[in-house]
Structure formats: structure tokens, C-alpha cells
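Asks: Next comes the structure file data03.txt, holding compact mmCIF, C-alpha atoms and all ligand atoms.
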```txt
# COMPACT_ATOMS: atom_id res chain seq x y z
CA MET A 23 0.00 0.00 0.00
CA THR A 24 1.33 3.41 -0.92
CA GLY A 25 -0.82 5.48 1.38
CA SER A 26 -1.68 7.77 -1.48
CA THR A 27 -5.33 6.83 -1.89
CA GLY A 28 -8.17 8.13 0.23
CA GLY A 29 -10.13 6.00 2.65
CA THR A 30 -7.42 3.54 3.54
CA ARG A 31 -5.01 5.92 5.18
CA THR A 32 -4.17 5.50 8.78
CA PHE A 33 -1.34 8.00 9.20
CA SER A 34 -2.28 11.60 9.93
CA VAL A 35 -0.81 14.65 11.63
CA GLY A 36 -2.69 17.03 13.91
CA LEU A 37 -1.24 20.53 13.61
CA THR A 38 -1.88 22.91 16.48
CA GLY A 39 -0.51 25.88 18.39
CA GLY A 40 -1.76 28.95 20.20
CA ILE A 41 -3.14 32.01 18.46
CA GLY A 42 -0.40 33.69 16.42
CA SER A 43 2.08 30.85 16.94
CA GLY A 44 2.43 30.30 13.19
CA LYS A 45 0.05 27.38 12.46
CA THR A 46 -1.15 28.83 9.18
CA THR A 47 2.40 29.67 8.11
CA VAL A 48 3.56 26.11 8.82
CA ALA A 49 0.46 24.57 7.20
CA ASP A 50 1.15 26.56 4.03
CA MET A 51 4.77 25.37 4.00
CA LEU A 52 3.73 21.72 4.45
CA ALA A 53 1.13 22.12 1.69
CA ALA A 54 3.78 23.53 -0.63
CA ARG A 55 5.80 20.36 -0.03
CA GLY A 56 2.88 18.07 -0.86
CA ALA A 57 0.85 17.54 2.32
CA ALA A 58 -2.96 17.70 2.20
CA ILE A 59 -4.16 20.24 4.75
CA ILE A 60 -7.65 19.87 6.22
CA ASP A 61 -8.52 23.09 8.08
CA THR A 62 -11.16 22.46 10.75
CA ASP A 63 -11.78 26.20 11.19
CA GLN A 64 -12.65 26.55 7.51
CA ILE A 65 -14.99 23.57 7.78
CA ALA A 66 -16.70 25.04 10.86
CA HIS A 67 -17.16 28.31 8.98
CA ALA A 68 -18.72 26.55 6.01
CA LEU A 69 -21.14 24.67 8.28
CA THR A 70 -22.39 27.93 9.77
CA ALA A 71 -22.40 29.99 6.54
CA PRO A 72 -25.73 30.68 4.76
CA GLY A 73 -27.14 27.31 3.66
CA GLY A 74 -24.54 25.48 5.77
CA MET A 75 -25.41 22.08 7.19
CA ALA A 76 -25.59 23.31 10.80
CA ILE A 77 -27.93 26.24 10.12
CA ASN A 78 -31.29 24.45 10.39
CA GLU A 79 -30.42 22.90 13.72
CA ILE A 80 -29.01 26.18 15.05
CA ARG A 81 -32.25 27.89 14.06
CA ALA A 82 -34.30 25.12 15.68
CA GLN A 83 -32.41 25.26 18.96
CA PHE A 84 -31.43 28.92 19.27
CA GLY A 85 -33.95 30.74 17.09
CA ASP A 86 -33.67 33.21 14.23
CA ALA A 87 -32.19 35.76 16.60
CA PHE A 88 -28.86 33.95 16.28
CA LEU A 89 -28.82 34.15 12.48
CA THR A 90 -27.74 37.10 10.35
CA PRO A 91 -30.15 38.51 7.73
CA GLU A 92 -28.19 36.47 5.14
CA GLY A 93 -28.84 33.27 7.08
CA ALA A 94 -25.39 32.63 8.55
CA MET A 95 -24.84 32.00 12.24
CA ASP A 96 -24.29 35.37 13.91
CA ARG A 97 -20.85 34.59 15.22
CA ALA A 98 -20.36 37.61 17.44
CA LYS A 99 -23.74 37.16 19.09
CA MET A 100 -23.33 33.41 19.52
CA ARG A 101 -19.83 33.86 20.92
CA ALA A 102 -21.06 36.33 23.54
CA TYR A 103 -24.02 34.10 24.43
CA VAL A 104 -22.13 30.84 24.87
CA PHE A 105 -19.37 32.62 26.78
CA ALA A 106 -21.96 33.52 29.41
CA GLU A 107 -23.95 30.23 29.22
CA PRO A 108 -21.95 27.00 29.48
CA ALA A 109 -25.07 24.90 28.79
CA ALA A 110 -25.66 26.76 25.54
CA LYS A 111 -22.01 26.22 24.62
CA ALA A 112 -22.49 22.48 25.12
CA ARG A 113 -25.64 22.54 22.95
CA LEU A 114 -23.86 24.40 20.16
CA GLU A 115 -20.91 22.01 20.32
CA ALA A 116 -23.29 19.04 20.21
CA ILE A 117 -24.55 20.40 16.87
CA LEU A 118 -21.19 21.39 15.42
CA HIS A 119 -18.68 18.82 16.59
CA PRO A 120 -20.23 15.72 14.97
CA LEU A 121 -20.68 17.63 11.70
CA ILE A 122 -17.11 18.92 11.82
CA ARG A 123 -15.93 15.36 12.38
CA ILE A 124 -17.97 13.99 9.46
CA GLU A 125 -16.85 16.76 7.10
CA THR A 126 -13.19 16.50 8.06
CA GLU A 127 -13.24 12.75 7.50
CA LYS A 128 -14.87 13.26 4.11
CA ALA A 129 -12.26 15.87 3.19
CA ALA A 130 -9.47 13.55 4.33
CA GLU A 131 -10.81 10.70 2.22
CA ALA A 132 -11.08 12.93 -0.82
CA ALA A 133 -7.66 14.51 -0.33
CA GLY A 134 -4.63 13.66 -2.39
CA GLY A 135 -1.22 14.50 -1.02
CA ALA A 136 1.60 12.58 0.56
CA TYR A 137 -0.19 12.57 3.94
CA VAL A 138 -3.04 14.35 5.68
CA VAL A 139 -2.60 17.19 8.16
CA PHE A 140 -5.60 18.21 10.25
CA ALA A 141 -5.16 21.83 11.34
CA VAL A 142 -6.97 22.02 14.69
CA PRO A 143 -6.43 25.15 16.79
CA LEU A 144 -7.88 23.54 19.95
CA LEU A 145 -6.48 20.04 19.44
CA VAL A 146 -4.83 19.82 22.85
CA GLU A 147 -8.05 21.00 24.52
CA SER A 148 -10.05 18.28 22.73
CA GLY A 149 -9.38 14.71 23.79
CA SER A 150 -11.02 13.23 20.71
CA TRP A 151 -8.73 14.96 18.21
CA LYS A 152 -5.66 13.74 20.07
CA GLN A 153 -7.01 10.20 19.69
CA ARG A 154 -7.78 10.66 16.01
CA VAL A 155 -4.33 11.68 14.78
CA THR A 156 -1.16 9.63 14.62
CA ARG A 157 1.16 12.49 15.54
CA VAL A 158 0.63 15.84 17.20
CA LEU A 159 2.70 18.69 15.74
CA VAL A 160 2.86 21.82 17.90
CA VAL A 161 4.04 25.17 16.56
CA ASP A 162 5.62 26.82 19.56
CA CYS A 163 6.83 30.30 20.40
CA ALA A 164 7.08 32.56 23.42
CA GLU A 165 3.85 34.16 24.59
CA GLU A 166 5.33 37.61 23.98
CA THR A 167 5.98 36.60 20.38
CA GLN A 168 2.34 35.48 20.00
CA VAL A 169 1.09 38.82 21.34
CA ARG A 170 3.40 40.82 19.09
CA ARG A 171 2.44 38.88 15.96
CA VAL A 172 -1.30 38.97 16.57
CA MET A 173 -1.17 42.69 17.36
CA SER A 174 0.57 43.44 14.10
CA ARG A 175 -1.63 41.05 12.11
CA SER A 176 -5.02 42.08 13.43
CA GLY A 177 -4.62 45.22 15.52
CA LEU A 178 -6.54 43.56 18.38
CA PRO A 179 -5.82 45.23 21.72
CA GLU A 180 -3.21 43.44 23.81
CA ALA A 181 -5.68 42.71 26.65
CA GLN A 182 -8.02 40.93 24.24
CA ILE A 183 -5.19 38.82 22.82
CA ARG A 184 -4.10 37.85 26.32
CA ALA A 185 -7.70 36.93 27.20
CA ILE A 186 -7.89 34.63 24.15
CA MET A 187 -4.56 33.08 25.13
CA ALA A 188 -5.75 32.56 28.71
CA ALA A 189 -8.76 30.60 27.40
CA GLN A 190 -6.49 28.32 25.35
CA ALA A 191 -4.27 25.51 26.63
CA SER A 192 -1.04 26.71 28.21
CA ARG A 193 2.23 26.55 26.34
CA SER A 194 3.45 23.76 28.62
CA ASP A 195 0.24 21.69 28.20
CA ARG A 196 0.62 21.95 24.46
CA LEU A 197 4.28 20.94 24.55
CA ALA A 198 3.42 18.00 26.80
CA ALA A 199 0.97 16.72 24.15
CA ALA A 200 3.39 17.14 21.24
CA ASP A 201 5.11 14.38 19.31
CA ASP A 202 6.88 16.99 17.21
CA VAL A 203 7.59 20.67 17.90
CA ILE A 204 8.43 23.48 15.50
CA ASP A 205 10.19 26.36 17.21
CA ASN A 206 8.80 29.54 15.67
CA ASP A 207 10.54 32.18 17.75
CA GLY A 208 13.00 32.85 14.96
CA ASP A 209 12.52 34.41 11.56
CA ALA A 210 10.66 32.80 8.69
CA MET A 211 13.87 31.28 7.28
CA ALA A 212 14.41 29.38 10.53
CA LEU A 213 11.22 27.45 9.78
CA VAL A 214 12.52 25.99 6.52
CA PRO A 215 14.90 23.28 7.82
CA GLN A 216 12.45 22.30 10.55
CA VAL A 217 9.57 21.94 8.10
CA ASP A 218 11.77 20.07 5.60
CA LYS A 219 12.83 17.59 8.26
CA LEU A 220 9.28 16.90 9.48
CA HIS A 221 7.94 16.64 5.95
CA ALA A 222 10.52 13.94 5.21
CA LEU A 223 9.61 12.11 8.41
CA TYR A 224 5.86 12.26 7.75
CA THR A 225 6.26 11.17 4.14
CA SER A 226 8.19 8.10 5.20
CA LEU A 227 5.82 7.27 8.09
CA ALA A 228 2.80 7.62 5.77
CA ALA A 229 4.42 5.35 3.20
CA ALA A 230 5.17 2.76 5.89
CA ASN A 231 1.81 2.93 7.70
CA GLY A 232 -0.68 3.57 4.95
P1 LIG B 1 -1.70 31.19 13.57
O1 LIG B 1 -2.28 30.53 12.33
O2 LIG B 1 -1.10 30.22 14.52
O3 LIG B 1 -2.64 32.15 14.26
P2 LIG B 1 -0.03 32.63 11.65
O4 LIG B 1 0.69 31.59 10.85
O5 LIG B 1 -1.19 33.31 11.02
O6 LIG B 1 -0.44 32.06 13.10
O7 LIG B 1 1.07 33.70 12.11
C1 LIG B 1 0.69 34.87 12.83
C2 LIG B 1 1.30 36.10 12.16
O8 LIG B 1 2.71 36.09 12.38
C3 LIG B 1 1.09 36.14 10.67
O9 LIG B 1 0.92 37.49 10.29
C4 LIG B 1 2.38 35.55 10.12
O10 LIG B 1 2.69 36.04 8.83
C5 LIG B 1 3.41 36.02 11.13
N1 LIG B 1 4.52 35.07 11.32
C6 LIG B 1 4.44 33.74 11.53
N2 LIG B 1 5.67 33.20 11.70
C7 LIG B 1 6.54 34.21 11.61
C8 LIG B 1 7.98 34.30 11.72
N3 LIG B 1 8.76 33.23 11.98
N4 LIG B 1 8.54 35.51 11.58
C9 LIG B 1 7.78 36.61 11.36
N5 LIG B 1 6.43 36.61 11.25
C10 LIG B 1 5.81 35.41 11.38
```
Mind turning the file's structure into C-alpha cells?
Replies:
Amino acid sequence: MTGSTGGTRTFSVGLTGGIGSGKTTVADMLAARGAAIIDTDQIAHALTAPGGMAINEIRAQFGDAFLTPEGAMDRAKMRAYVFAEPAAKARLEAILHPLIRIETEKAAEAAGGAYVVFAVPLLVESGSWKQRVTRVLVVDCAEETQVRRVMSRSGLPEAQIRAIMAAQASRSDRLAAADDVIDNDGDAMALVPQVDKLHALYTSLAAANG
């Protein structure tokens, strides 16, 4: 078995890291080398876009007040609501998580590429994703680096960035869950040899394991 056809693959990588750590940058570099990237955030967005598969159930359980005039989930409103109401958060997750799982599996089966990488921002926080993937790849950098990069990318106030970081797994929890770590405290060039080395490892593991 070559591991190059969908449906029979067993090897996969779960790519994670805190906000601004460099997940997207690393995912793009792996994709350029031939990995198939499945982005769970993109899938969640599609499910809650107008006509998305989660919309009917969100309307049924939360009402039209949580939809935009275009028929998408009103993200800002839902975020504020579930932040204040843990039971509502659980209900929303009960709608979204099974659909995200189904859609990511479908995307993985359909994907070409040397191996599949699931990009999952909250992988360490979610026990089931850790179980699903063969290897956990963490993109790591200092918290001050995260803050600096997110501030210059998005202009979010520092306090808001730190609040998002505080709601995510800690740097040490993430490192404890990692099989592989990319150090992204350096410049972009410093990523190249690290990504090359992991890509070679994953390609050979995928070929050996299917
Ligand atoms: P994430 O997907 O984890 O939130 P990104 O890959 O989007 O992180 O990176 C956050 C920001 O920092 C982006 O604007 C990105 O271009 C920049 N960035 C990432 N890695 C580096 C690096 N090594 N040097 C300089 N800027 C970087």
C-alpha cells in the first residue's frame, strides 16, 4: 500500500498551536511540499455559513435571533451568548462537533497528497482529536511573540489577545501533548529546515503505515 489513496489511510498529523504561533504559516509550508491540509476552522465556517449544514439545527435550537439577515450564524452574538452560558455552549458544540468530524473525514478521504494534516487550533483542549491523529505537531513560540504577531496582524488590543490566550491551553500543556515541535521564535527562514525535516519524516511514516 502506498498510502496515497483516500479512505485507507491511517497516518495523519494534527497541527496545532496557540493564536499567532504560526500554524497557518507552517500549514502553508507543508502544503507547498505536498501535504494535504484539512482546516477544521474553515470547515466550521462553512457549516455555519448561509445554507450550511448546521444552520437548520441552530435555528431550531437557538432561534432566528442567532442568524444574520443572510442566514449565517451570527458569530459575534453566539460567541457572547455561549461565553456567558456553558449549557448553551455544550448545545452548540453538540450540533457542530459531529458535523465537523464527518466533514473533516470526508475531506481527508477525498484529499490527495503525501499525507493528511488536520489543522486544529484547539487540538490539545479536545481529547477526541488527540485520539484521532497519529502524531501531534505543535508550533511553539514565546507568549510575547504570539502577542506581538497577533497585534501586528489584526490590531486587536493586547488585553483581548491575552484573554484569548488565557482561554487556550497553556504553552506547557501543548508541549506535553506534542510528538513533534516546531520552534517559531526565529525568523521565517528558521522554519525551513524544521519543516523540511518533518515533511521527510511524515512522508516516510505515511508510506510505511498507509
Ligand atoms: P496562527 O495561524 O497560529 O494564528 P499565523 O501563521 O497566522 O499564526 O502567524 C501569525 C502572524 O505572524 C502572521 O501574520 C504571520 O505572517 C506572522 N509570522 C508567523 N511566523 C513568523 C515568523 N517566523 N517571523 C515573522 N512573522 C511570522
Asks: If the limit is 6 Å from any atom of ligand LIG 1 (chain B), counting all atoms listed in the file, which residues qualify? Return them as a VMD selection string.
Replies: chain A and resid 39 to 47 171 to 172 175 206 208 to 210
Asks: Would you mind reading off the distance between atom CA of Ala136 of chain A and atom CA of Ala49 of chain A, one decimal, in Å?
Replies: 13.8 Å
Asks: Could you pull the residues within 10 Å of segment 138-146 of chain A, counting all atoms listed in the file, minus those fewer than 3 positions along the same chain, as number ranges by chain?
Replies: A: 26, 28, 31-41, 45-46, 49, 52-53, 56-64, 126-127, 129-131, 133-135, 149-155, 157-160, 190-192, 195-200, 224-225, 228
Asks: Got a sec: who's within 9 Å of Glu165 of chain A, counting only C-alpha atoms, leaving out chain neighbours fewer than 4 positions off, as a list in words?
Replies: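 Non-adjacent residues within range: Gly40, Ser43, Val169, Arg170, Arg184, Met187 and Arg193 of chain A.
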Asks: How many Å lie between atom CA of Leu213 of chain A and atom CA of Gln168 of chain A, rounded to one decimal?
Replies: 15.7 Å
Asks: What does the distance between atom CA of Ala66 of chain A and atom CA of Met51 of chain A come to in Å, to one decimal place?
Replies: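 The value is 22.5 Å.
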Asks: So, counting only C-alpha atoms, which residue among A:Ser148, A:Arg55, A:Asp162, A:Met95 is closest to Leu220 of chain A?
Replies: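 The closest residue to Leu220 of chain A is A:Arg55.
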Asks: Quick one: everything within 10 Å of Leu69 of chain A, counting only C-alpha atoms, minus sequence neighbours fewer than 3 positions away in the same chain. Send it as a list of chain:residue names.
Replies: A:Asp63, A:Gln64, A:Ile65, A:Ala66, A:Pro72, A:Gly73, A:Gly74, A:Met75, A:Ala76, A:Ile77, A:Ala94, A:Met95, A:Leu118, A:Leu121, A:Ile122, A:Glu125
Asks: Tell me which of A:Glu92, A:Phe84, A:Tyr137, A:Ala188 sits closest to His221 of chain A, counting only C-alpha atoms.
Replies: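 Among the listed residues, A:Tyr137 lies closest to His221 of chain A.
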Asks: With the input short on atoms, add all heavy atoms back to segment 34-45 of chain A and write it as a CSV table (one decimal), keeping the file's coordinate frame.
Replies:
```
chain,number,residue,atom,x,y,z
A,34,SER,N,-1.9,10.2,10.1
A,34,SER,CA,-2.3,11.6,9.9
A,34,SER,C,-1.6,12.4,11.0
A,34,SER,O,-1.1,11.9,12.0
A,34,SER,CB,-3.8,11.8,10.1
A,34,SER,OG,-4.2,11.4,11.4
A,35,VAL,N,-1.5,13.7,10.7
A,35,VAL,CA,-0.8,14.6,11.6
A,35,VAL,C,-1.9,15.6,12.1
A,35,VAL,O,-2.7,16.1,11.3
A,35,VAL,CB,0.3,15.4,10.9
A,35,VAL,CG1,0.9,16.5,11.8
A,35,VAL,CG2,1.4,14.4,10.4
A,36,GLY,N,-1.9,16.0,13.4
A,36,GLY,CA,-2.7,17.0,13.9
A,36,GLY,C,-1.8,18.2,14.2
A,36,GLY,O,-0.9,18.1,15.0
A,37,LEU,N,-2.1,19.3,13.5
A,37,LEU,CA,-1.2,20.5,13.6
A,37,LEU,C,-1.9,21.5,14.5
A,37,LEU,O,-3.1,21.9,14.3
A,37,LEU,CB,-1.0,21.1,12.2
A,37,LEU,CG,-0.4,22.6,12.1
A,37,LEU,CD1,1.0,22.6,12.6
A,37,LEU,CD2,-0.5,23.1,10.7
A,38,THR,N,-1.2,22.0,15.6
A,38,THR,CA,-1.9,22.9,16.5
A,38,THR,C,-0.9,23.9,17.0
A,38,THR,O,0.3,23.8,16.7
A,38,THR,CB,-2.6,22.1,17.6
A,38,THR,OG1,-3.5,23.0,18.3
A,38,THR,CG2,-1.6,21.5,18.6
A,39,GLY,N,-1.4,24.8,17.8
A,39,GLY,CA,-0.5,25.9,18.4
A,39,GLY,C,-1.4,27.0,18.8
A,39,GLY,O,-2.6,27.1,18.4
A,40,GLY,N,-0.9,27.8,19.7
A,40,GLY,CA,-1.8,29.0,20.2
A,40,GLY,C,-2.0,30.0,19.1
A,40,GLY,O,-1.4,29.9,18.0
A,41,ILE,N,-2.9,30.9,19.4
A,41,ILE,CA,-3.1,32.0,18.5
A,41,ILE,C,-1.8,32.7,18.1
A,41,ILE,O,-1.0,33.0,19.0
A,41,ILE,CB,-4.2,33.0,19.0
A,41,ILE,CG1,-4.5,34.1,18.0
A,41,ILE,CG2,-3.8,33.6,20.4
A,41,ILE,CD1,-5.7,35.0,18.4
A,42,GLY,N,-1.6,32.9,16.8
A,42,GLY,CA,-0.4,33.7,16.4
A,42,GLY,C,0.9,32.9,16.5
A,42,GLY,O,2.0,33.5,16.2
A,43,SER,N,0.8,31.6,16.8
A,43,SER,CA,2.1,30.8,16.9
A,43,SER,C,2.7,30.6,15.6
A,43,SER,O,3.9,30.4,15.5
A,43,SER,CB,1.8,29.5,17.6
A,43,SER,OG,0.8,28.8,16.9
A,44,GLY,N,1.9,30.6,14.5
A,44,GLY,CA,2.4,30.3,13.2
A,44,GLY,C,1.8,29.1,12.5
A,44,GLY,O,2.4,28.5,11.6
A,45,LYS,N,0.7,28.6,13.0
A,45,LYS,CA,0.0,27.4,12.5
A,45,LYS,C,-0.2,27.5,11.0
A,45,LYS,O,0.1,26.6,10.2
A,45,LYS,CB,-1.3,27.1,13.1
A,45,LYS,CG,-1.3,26.7,14.6
A,45,LYS,CD,-2.7,26.5,15.1
A,45,LYS,CE,-3.6,27.7,15.1
A,45,LYS,NZ,-3.1,28.8,16.0
```
